[in-house]
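Taking it in order: structure first as structure tokens, then the write-up.
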Amino acid sequence: HVVRKFLGLISSHNIPVYLIDPLILGLVNKDIEQIRSSPDGPSPECKYFCAPRDFTTFALLDKTWKHEVGLFRTAEKMGFQWLKIINKDPRLDGMDDLSGMEIPLHYIFKLASHAIHLVVFYERSGNYLWHGPLRLKQHMDRKFVPFRKLHFGRYPGAYEKPELLHVSIDDLKVQIPKNPSSFLEEMSHSRFLECRYREARAFFQLYPDGASLDAVEFRIKAKSLLHLAALTLNNLGVKFWLSSGTCLGWYRQCNVIPHSKDVDLGIFIRDYKAEIIPTFQKAGLPLKHKFGKVEDSLELSFQGEEDVKLDIFFFYEEEDHIWNGGTQAKSGKKFKYFFPKFTLCWTEFVELKVHVPCETLQYVEANYGPDWKVPVKVWDWKSSPSNVQDNGVWPVDEWDNVIQIY
């Protein structure tokens, strides 16, 4: 009843919302073929929207609606109470300006004992959709609805733009993501971390060396290499994240570290695919070296434009830690880099939606120690990292396989 009234309210104001409620989408997904093929919905009985729950969740794309006072007036006339949650717009933050301008992030419409949660999605420059956190301001009624039960808003989220499908469910015409199961999968890994502009500005005041012509040129090349690598790995369906110096640059200064001279990515070894090397070569990035093997200490390096290279480190999971390997070509010596276990979050970096470890501080500290905030120009990968340990030597009869330089 409440959902029907809400859909009537928003259609009277021409607001195109779509259903993102995980409970209902999960039920719909089981019958998706039948629902797609039957324009008037499967059966007249109330099967989906009558599942017991406190909320129904819809999404609204910000650019498809200009915030109208009229909507709230009509809502009140229909008996709805409503709440609007605003917070600052991260798209306006940058190195030059922390705008502090606020935008609507969530609306809640309540009627009797049911509430509609309307999540506002914004397009960001990495060509993806973002929603903000749901943070109640001091004066707000914390008992308005059971906020802790909401599926969206515990933290910000990032999503691909979904294709939408018009369907009829329980006699109600709604839009849903065309592929509900992939939307639900995305939802479970959607957590988003904002770049730390305030800290980055403080860093640049202390170390203002990033504006030389060389630094600017390197950043342009590194950005285009990262975009190409992301496109290549995404097309292969291989999950990756910003690692080593590239991750440090994002976390410390919201940018590429100009003296790093390479782009570093991490991939779990379980996600390794044999097509990675030929696909990168086809994309115009020749293999520079291949160290280790899939079972132990694999790492790949590809040559980008001029002297910028792409290093891909493969990570191995143990019970209580994660590690990646290193190999010294001339001696066959092996090294191991230890990290505390971590999960992956989305962020935006050089106009790209990309993964970083959610536990970024622990990740960066493992690699660079407690003084990670201080730039280091001279770095020896065999001895400088805090988390490096000797790991023996490759047997000489394996060298042809585990030490390949092109």
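Chain identifiers are assigned as A, B, and so on, following the order in which chains appear in the structure tokens; residues are numbered from 1 within each chain, and ligands are numbered from 1 in order of appearance.
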Given only C-alpha atoms, how would the per-residue table for region 63-109 of chain A near region 184-195 of chain A read, listing every residue at most 10 Å away with its closest atom pair and distance in Å to one decimal, sorted by chain and number, as JSON lines?
{"residue": "A:Pro90", "atom": "CA", "partner": "A:Glu194", "partner_atom": "CA", "distance": 7.7}
{"residue": "A:Arg91", "atom": "CA", "partner": "A:Glu194", "partner_atom": "CA", "distance": 9.9}
{"residue": "A:Asp93", "atom": "CA", "partner": "A:Cys195", "partner_atom": "CA", "distance": 9.5}
{"residue": "A:Gly94", "atom": "CA", "partner": "A:Cys195", "partner_atom": "CA", "distance": 9.4}
Residues near Met140 (chain A), cut-off 10 Å, only C-alpha atoms, skip fewer than 5 positions along chain, as a list of chain:residue names: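 Using only C-alpha atoms, the neighbours found are A:Leu83, A:Lys84, A:Ile85, A:Arg135.
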CA of Arg154 (chain A) to CA of Val3 (chain A), distance in Å rounded to a single decimal: 23.1 Å
Mind giving me the straight-line distance from CA of Gly153 (chain A) to CA of Asp54 (chain A) in Å, one decimal? 15.7 Å
Which neighbours of Phe313 (chain A) fall inside 7 Å, counting only C-alpha atoms, when residues of the same chain fewer than 6 positions from it are skipped, and could you give them as number ranges by chain? A: 265-267, 298-300, 324
Top pick for closest residue to Asp271 (chain A), considering A:Cys46, A:Val350, A:Leu233, A:Val216 and counting only C-alpha atoms: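 Using only C-alpha atoms, the shortest distance to Asp271 (chain A) belongs to A:Leu233.
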Using the chain letters and numbers from this document, which residues of region 73-286 of chain A does DSSP assign to strand (DSSP E), as a ChimeraX atom specification? /A:81-88,102-111,114-124,128-131,157-159,164-169,172-177,241-242,262-268
Grab the CA of Ile322 (chain A) to CA of Asn387 (chain A) distance for me, in Å with one decimal place.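 Between CA of Ile322 (chain A) and CA of Asn387 (chain A) the gap works out to 11.2 Å.
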Residue with smallest distance to Ala230 (chain A) - pool A:Gly8, A:Gly100, A:Gly369, A:Gly126, counting only C-alpha atoms: A:Gly126
Residues within 10 Å of Leu225 (chain A), please, as a PyMOL selection string. Count only C-alpha atoms; anything in the same chain fewer than 6 positions from it doesn't count. chain A and resi 219+231+262-263+285+303-305+308-310
Can you tell me which residues surround Ser331 (chain A) at a distance of at most 10 Å, considering only C-alpha atoms, apart from same-chain residues fewer than 2 positions away, and format the answer as a list in words?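 So, after excluding close chain neighbours, the residues are Thr327, Gln328, Ala329, Lys333, Lys334, Val393, Trp394, Val396 and Trp399 of chain A.
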Suppose we keep N, CA and C atoms; can you now write the selection as a PDB file, in the first residue's frame?
ATOM      1  N   THR A 327      62.125 -10.761  -6.597  1.00  0.00           N
ATOM      2  CA  THR A 327      63.267 -11.563  -7.062  1.00  0.00           C
ATOM      3  C   THR A 327      64.366 -10.621  -7.545  1.00  0.00           C
ATOM      4  N   GLN A 328      65.609 -10.886  -7.109  1.00  0.00           N
ATOM      5  CA  GLN A 328      66.752 -10.130  -7.638  1.00  0.00           C
ATOM      6  C   GLN A 328      67.320 -10.914  -8.823  1.00  0.00           C
ATOM      7  N   ALA A 329      67.300 -10.294 -10.002  1.00  0.00           N
ATOM      8  CA  ALA A 329      67.625 -11.031 -11.237  1.00  0.00           C
ATOM      9  C   ALA A 329      69.053 -11.572 -11.235  1.00  0.00           C
ATOM     10  N   LYS A 333      68.147 -14.199  -5.735  1.00  0.00           N
ATOM     11  CA  LYS A 333      67.648 -14.071  -4.348  1.00  0.00           C
ATOM     12  C   LYS A 333      66.148 -13.780  -4.354  1.00  0.00           C
ATOM     13  N   LYS A 334      65.454 -14.364  -3.347  1.00  0.00           N
ATOM     14  CA  LYS A 334      64.007 -14.153  -3.220  1.00  0.00           C
ATOM     15  C   LYS A 334      63.725 -13.305  -1.977  1.00  0.00           C
ATOM     16  N   VAL A 393      66.777 -18.523  -2.077  1.00  0.00           N
ATOM     17  CA  VAL A 393      67.292 -18.289  -3.433  1.00  0.00           C
ATOM     18  C   VAL A 393      66.607 -19.270  -4.377  1.00  0.00           C
ATOM     19  N   TRP A 394      66.312 -18.815  -5.591  1.00  0.00           N
ATOM     20  CA  TRP A 394      65.735 -19.736  -6.582  1.00  0.00           C
ATOM     21  C   TRP A 394      66.791 -20.771  -6.976  1.00  0.00           C
ATOM     22  N   VAL A 396      69.149 -22.872  -9.222  1.00  0.00           N
ATOM     23  CA  VAL A 396      69.714 -22.456 -10.515  1.00  0.00           C
ATOM     24  C   VAL A 396      68.999 -23.129 -11.693  1.00  0.00           C
ATOM     25  N   TRP A 399      66.102 -21.043 -13.026  1.00  0.00           N
ATOM     26  CA  TRP A 399      66.280 -19.638 -13.403  1.00  0.00           C
ATOM     27  C   TRP A 399      65.652 -19.289 -14.747  1.00  0.00           C
TER      28      TRP A 399
END
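Using only C-alpha atoms, the nearest neighbour of Phe109 (chain A) within the list A:Val402, A:Val2, A:Ala274, A:Leu25 is A:Val2.
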